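Below you'll find the structure, written out as structure tokens, and then a few comments.
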Amino acid sequence: HIALSPTTTMAEEQEQYSIPDQPARFARAKTENNSRYLDITTVYDPSFLKGLRVAVTGCNRGIGLALATELTSQGAKLIAINRSSSKELEALNPDESLVGIDVTSDDLCATFDGKITKGPLDILINNAGYFYEPLEKLDSLNFKEQLKQIDICALGPLRISAALLKDGYLKEGSKIVVITSQGGSISWRTTQNPTGHDYGHHMSKAAANMMSVLLAQEVKSKNICVGIFHPGFNKTAMTAKYKEIWEIEGAVDSSIGA
């Protein structure tokens with residue numbers, strides 16, 4: 001990957017990758033008045049979603065709920081897949097709502113046959129995630145929590161996707177989305193984590209990114225697309241531990257991130 005220098009304008013480097021320094025990236029966008037970066041509505045056209053059957057995991061709160069809200073507002077048929085529901089989710093009146101689905105359970109994710117009853121899916125959004133709140137350093141490592149994050153964030157999407165593919169709910173032309181993070185970029189760690197820490201989070205996102213690439217390779221012969229999406233820095237309960245830098249790094253409300 002070719003990193004941009006902070007002095008290089010985005011317009012000059014349209015075909016290059018973004019810079020890993022998130023505060024500098026946000027500051028440069030404001031200096032340039034980059035509407036694409038600062039106002040997603042200038043490039044976002046959701047009209048294609050109308051009538052599509054879209055399944056979302058972990059959509060009872062946070063960015064998952066924001067995704068569910070946006071989908072239903074655009075006329076998509078929401079298939080909610082969660083461990084438990086919420087009043088906010090039920091108020092959206094999902095087309096189908098599956099509860100009791102724990103993405104870490106091999107048994108619960110083994111099949112969706114009979115659980116989804118109204119036909120195949122157009123899009124699957126693997127959103128369910130987990131972020132261990134305490135800062136992890138060498139003197140405060142929690143290996144159990146690290147494994148939990150990897151299980152939920154990397155193996156979880158694989159369990160769900162594999163079962164839905166096996167059961168015929170994802171057919172030719174369908175799309176699989178994995179909500180992951182720039183936090184999974186290995187090359188960016190030296191900039192974004194110059195002193196290390198938060199081992200479980202970053203390992204889980206790197207594993208999710210790798211899983212997504214391998215999944216894409218396996219299903220491309222079926223004309224199924226796999227997208228690896230970084231939703232940006234969102235102001236949610238999951239990122240509240242970083243709320244002191246929300247404004248410095250350009251964090252947005254989850255409705256915008258969705």
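FYI, nothing fancy with the structure tokens labels: chains A, B, ... in order, residues from 1 per chain, ligands from 1 as they appear.
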
- Task: Write out as a PyMOL selection string the residues lying within 12 Å of Asp198 in chain A, counting only C-alpha atoms and excluding same-chain residues fewer than 6 positions away.
- Result: chain A and resi 131-143+145-146+149+183-184+189+192+204-205+241

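Residues of range 29-114 of chain A carrying a DSSP assignment of strand (DSSP E or B), computed from the backbone, are Arg53, Val54, Ala55, Val56, Thr57, Lys77, Leu78, Ile79, Ala80, Ile81, Glu96, Ser97, Leu98 and Asp113 of chain A.
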
Any chance you could export the current selection's all heavy atoms as a compact mmCIF listing (two decimals), in the first residue's frame?
```
# COMPACT_ATOMS: atom_id res chain seq x y z
N ARG A 53 -34.08 -8.05 0.29
CA ARG A 53 -34.08 -8.78 1.55
C ARG A 53 -32.67 -8.75 2.13
O ARG A 53 -31.74 -9.33 1.56
CB ARG A 53 -34.56 -10.23 1.35
CG ARG A 53 -36.07 -10.31 1.14
CD ARG A 53 -36.54 -11.73 0.84
NE ARG A 53 -36.08 -12.74 1.78
CZ ARG A 53 -36.60 -12.93 3.00
NH1 ARG A 53 -37.60 -12.18 3.42
NH2 ARG A 53 -36.13 -13.89 3.79
N VAL A 54 -32.52 -8.04 3.26
CA VAL A 54 -31.20 -7.81 3.84
C VAL A 54 -31.18 -8.34 5.28
O VAL A 54 -31.96 -7.90 6.12
CB VAL A 54 -30.84 -6.32 3.85
CG1 VAL A 54 -29.41 -6.12 4.36
CG2 VAL A 54 -30.99 -5.72 2.45
N ALA A 55 -30.29 -9.28 5.55
CA ALA A 55 -30.11 -9.82 6.89
C ALA A 55 -28.98 -9.10 7.58
O ALA A 55 -27.93 -8.85 6.98
CB ALA A 55 -29.82 -11.32 6.84
N VAL A 56 -29.19 -8.75 8.85
CA VAL A 56 -28.17 -8.07 9.63
C VAL A 56 -28.01 -8.77 10.97
O VAL A 56 -29.00 -8.99 11.68
CB VAL A 56 -28.53 -6.59 9.89
CG1 VAL A 56 -27.37 -5.87 10.58
CG2 VAL A 56 -28.89 -5.87 8.59
N THR A 57 -26.78 -9.14 11.31
CA THR A 57 -26.54 -9.73 12.62
C THR A 57 -26.21 -8.63 13.63
O THR A 57 -25.67 -7.58 13.27
CB THR A 57 -25.38 -10.74 12.58
OG1 THR A 57 -24.15 -10.04 12.28
CG2 THR A 57 -25.62 -11.81 11.54
N LYS A 77 -36.32 -5.04 3.11
CA LYS A 77 -36.97 -5.99 4.00
C LYS A 77 -35.91 -6.54 4.95
O LYS A 77 -35.01 -7.27 4.54
CB LYS A 77 -37.62 -7.11 3.19
CG LYS A 77 -38.74 -6.60 2.28
CD LYS A 77 -39.34 -7.72 1.45
CE LYS A 77 -40.46 -7.20 0.55
NZ LYS A 77 -41.04 -8.28 -0.29
N LEU A 78 -36.03 -6.17 6.21
CA LEU A 78 -35.02 -6.48 7.20
C LEU A 78 -35.23 -7.86 7.81
O LEU A 78 -36.32 -8.18 8.29
CB LEU A 78 -35.04 -5.43 8.32
CG LEU A 78 -34.15 -5.70 9.53
CD1 LEU A 78 -32.68 -5.66 9.14
CD2 LEU A 78 -34.45 -4.67 10.63
N ILE A 79 -34.17 -8.67 7.78
CA ILE A 79 -34.15 -9.95 8.50
C ILE A 79 -33.14 -9.77 9.63
O ILE A 79 -31.93 -9.70 9.40
CB ILE A 79 -33.76 -11.13 7.59
CG1 ILE A 79 -34.82 -11.34 6.51
CG2 ILE A 79 -33.60 -12.41 8.40
CD1 ILE A 79 -34.65 -10.47 5.28
N ALA A 80 -33.65 -9.63 10.85
CA ALA A 80 -32.81 -9.36 12.01
C ALA A 80 -32.35 -10.67 12.64
O ALA A 80 -33.17 -11.54 12.92
CB ALA A 80 -33.58 -8.52 13.02
N ILE A 81 -31.04 -10.80 12.86
CA ILE A 81 -30.47 -12.01 13.45
C ILE A 81 -29.70 -11.60 14.70
O ILE A 81 -28.66 -10.94 14.61
CB ILE A 81 -29.55 -12.74 12.46
CG1 ILE A 81 -30.31 -13.10 11.17
CG2 ILE A 81 -28.95 -13.99 13.09
CD1 ILE A 81 -29.44 -13.71 10.10
N GLU A 96 -38.52 -10.32 9.15
CA GLU A 96 -38.31 -11.54 9.93
C GLU A 96 -37.35 -11.20 11.06
O GLU A 96 -36.43 -10.40 10.88
CB GLU A 96 -37.73 -12.67 9.08
CG GLU A 96 -38.61 -13.10 7.91
CD GLU A 96 -38.10 -14.35 7.23
OE1 GLU A 96 -38.00 -15.39 7.91
OE2 GLU A 96 -37.79 -14.28 6.02
N SER A 97 -37.55 -11.82 12.22
CA SER A 97 -36.68 -11.56 13.36
C SER A 97 -36.31 -12.88 14.02
O SER A 97 -37.18 -13.60 14.53
CB SER A 97 -37.37 -10.64 14.37
OG SER A 97 -36.50 -10.32 15.44
N LEU A 98 -35.02 -13.20 13.99
CA LEU A 98 -34.51 -14.42 14.60
C LEU A 98 -33.79 -14.04 15.89
O LEU A 98 -32.90 -13.19 15.87
CB LEU A 98 -33.54 -15.14 13.67
CG LEU A 98 -34.09 -15.92 12.47
CD1 LEU A 98 -34.79 -15.00 11.47
CD2 LEU A 98 -32.97 -16.68 11.78
N ASP A 113 -32.06 -23.43 8.18
CA ASP A 113 -33.18 -24.07 7.49
C ASP A 113 -34.42 -24.04 8.39
O ASP A 113 -34.40 -24.55 9.51
CB ASP A 113 -32.82 -25.52 7.14
CG ASP A 113 -33.86 -26.16 6.24
OD1 ASP A 113 -34.53 -25.42 5.49
OD2 ASP A 113 -33.99 -27.39 6.28
```

- Message: I need the residues of range 6-204 of chain A that end up classed as helix (DSSP H, G or I) by DSSP on the backbone, written out as JSON, numbers by chain.
- Response: {"A": [22, 23, 24, 25, 26, 27, 28, 29, 30, 31, 32, 35, 36, 37, 38, 40, 41, 42, 46, 47, 48, 49, 62, 63, 64, 65, 66, 67, 68, 69, 70, 71, 72, 73, 87, 88, 89, 90, 143, 144, 145, 146, 147, 148, 149, 150, 151, 152, 153, 154, 155, 156, 157, 158, 159, 160, 161, 162, 163, 164, 165, 166, 182, 183, 184, 189, 190, 191, 192, 199, 200, 201, 202, 203, 204]}

- Find the spatial neighbours of Arg159 in chain A, counting only C-alpha atoms, within a cut-off of 8 Å - ignore same-chain residues fewer than 2 positions away - and output them as a ChimeraX atom specification. /A:103,106,109-110,155-157,161-163

Could you write out that same residue set with all heavy atoms as a PDB file, in the first residue's frame?
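The resulting part_2.pdb:
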```pdb
ATOM      1  N   VAL A 103     -23.473 -15.944  17.669  1.00  0.00           N
ATOM      2  CA  VAL A 103     -22.540 -16.202  16.572  1.00  0.00           C
ATOM      3  C   VAL A 103     -21.322 -17.014  17.009  1.00  0.00           C
ATOM      4  O   VAL A 103     -20.538 -17.449  16.156  1.00  0.00           O
ATOM      5  CB  VAL A 103     -22.084 -14.894  15.885  1.00  0.00           C
ATOM      6  CG1 VAL A 103     -23.270 -14.139  15.318  1.00  0.00           C
ATOM      7  CG2 VAL A 103     -21.275 -14.014  16.842  1.00  0.00           C
ATOM      8  N   ASP A 106     -21.353 -23.042  17.503  1.00  0.00           N
ATOM      9  CA  ASP A 106     -21.354 -23.898  16.313  1.00  0.00           C
ATOM     10  C   ASP A 106     -22.732 -24.510  16.093  1.00  0.00           C
ATOM     11  O   ASP A 106     -23.207 -24.598  14.951  1.00  0.00           O
ATOM     12  CB  ASP A 106     -20.326 -25.022  16.474  1.00  0.00           C
ATOM     13  CG  ASP A 106     -18.897 -24.518  16.509  1.00  0.00           C
ATOM     14  OD1 ASP A 106     -18.667 -23.345  16.144  1.00  0.00           O
ATOM     15  OD2 ASP A 106     -18.008 -25.294  16.902  1.00  0.00           O
ATOM     16  N   CYS A 109     -25.482 -21.886  14.970  1.00  0.00           N
ATOM     17  CA  CYS A 109     -25.217 -21.340  13.637  1.00  0.00           C
ATOM     18  C   CYS A 109     -25.059 -22.422  12.575  1.00  0.00           C
ATOM     19  O   CYS A 109     -24.719 -22.120  11.424  1.00  0.00           O
ATOM     20  CB  CYS A 109     -23.947 -20.481  13.666  1.00  0.00           C
ATOM     21  SG  CYS A 109     -24.069 -19.028  14.725  1.00  0.00           S
ATOM     22  N   ALA A 110     -25.314 -23.667  12.939  1.00  0.00           N
ATOM     23  CA  ALA A 110     -25.093 -24.769  12.001  1.00  0.00           C
ATOM     24  C   ALA A 110     -26.054 -24.731  10.826  1.00  0.00           C
ATOM     25  O   ALA A 110     -25.704 -25.107   9.698  1.00  0.00           O
ATOM     26  CB  ALA A 110     -25.208 -26.105  12.731  1.00  0.00           C
ATOM     27  N   LEU A 155     -14.650 -15.511  13.559  1.00  0.00           N
ATOM     28  CA  LEU A 155     -15.318 -16.787  13.334  1.00  0.00           C
ATOM     29  C   LEU A 155     -16.834 -16.623  13.231  1.00  0.00           C
ATOM     30  O   LEU A 155     -17.485 -17.362  12.490  1.00  0.00           O
ATOM     31  CB  LEU A 155     -14.968 -17.767  14.454  1.00  0.00           C
ATOM     32  CG  LEU A 155     -13.501 -18.208  14.521  1.00  0.00           C
ATOM     33  CD1 LEU A 155     -13.265 -19.103  15.726  1.00  0.00           C
ATOM     34  CD2 LEU A 155     -13.094 -18.913  13.246  1.00  0.00           C
ATOM     35  N   GLY A 156     -17.384 -15.649  13.947  1.00  0.00           N
ATOM     36  CA  GLY A 156     -18.826 -15.427  13.898  1.00  0.00           C
ATOM     37  C   GLY A 156     -19.346 -15.191  12.485  1.00  0.00           C
ATOM     38  O   GLY A 156     -20.271 -15.877  12.032  1.00  0.00           O
ATOM     39  N   PRO A 157     -18.776 -14.225  11.745  1.00  0.00           N
ATOM     40  CA  PRO A 157     -19.225 -14.004  10.372  1.00  0.00           C
ATOM     41  C   PRO A 157     -19.047 -15.228   9.472  1.00  0.00           C
ATOM     42  O   PRO A 157     -19.838 -15.457   8.564  1.00  0.00           O
ATOM     43  CB  PRO A 157     -18.351 -12.848   9.886  1.00  0.00           C
ATOM     44  CG  PRO A 157     -17.942 -12.144  11.133  1.00  0.00           C
ATOM     45  CD  PRO A 157     -17.807 -13.214  12.175  1.00  0.00           C
ATOM     46  N   SER A 161     -22.155 -16.932   7.588  1.00  0.00           N
ATOM     47  CA  SER A 161     -22.087 -16.953   6.118  1.00  0.00           C
ATOM     48  C   SER A 161     -22.093 -18.373   5.583  1.00  0.00           C
ATOM     49  O   SER A 161     -22.797 -18.690   4.612  1.00  0.00           O
ATOM     50  CB  SER A 161     -20.826 -16.213   5.646  1.00  0.00           C
ATOM     51  OG  SER A 161     -20.819 -14.870   6.073  1.00  0.00           O
ATOM     52  N   ALA A 162     -21.307 -19.244   6.222  1.00  0.00           N
ATOM     53  CA  ALA A 162     -21.221 -20.629   5.755  1.00  0.00           C
ATOM     54  C   ALA A 162     -22.576 -21.329   5.851  1.00  0.00           C
ATOM     55  O   ALA A 162     -22.982 -22.055   4.933  1.00  0.00           O
ATOM     56  CB  ALA A 162     -20.173 -21.388   6.570  1.00  0.00           C
ATOM     57  N   ALA A 163     -23.288 -21.108   6.958  1.00  0.00           N
ATOM     58  CA  ALA A 163     -24.584 -21.766   7.129  1.00  0.00           C
ATOM     59  C   ALA A 163     -25.603 -21.268   6.124  1.00  0.00           C
ATOM     60  O   ALA A 163     -26.361 -22.053   5.532  1.00  0.00           O
ATOM     61  CB  ALA A 163     -25.090 -21.542   8.556  1.00  0.00           C
TER      62      ALA A 163
END
```
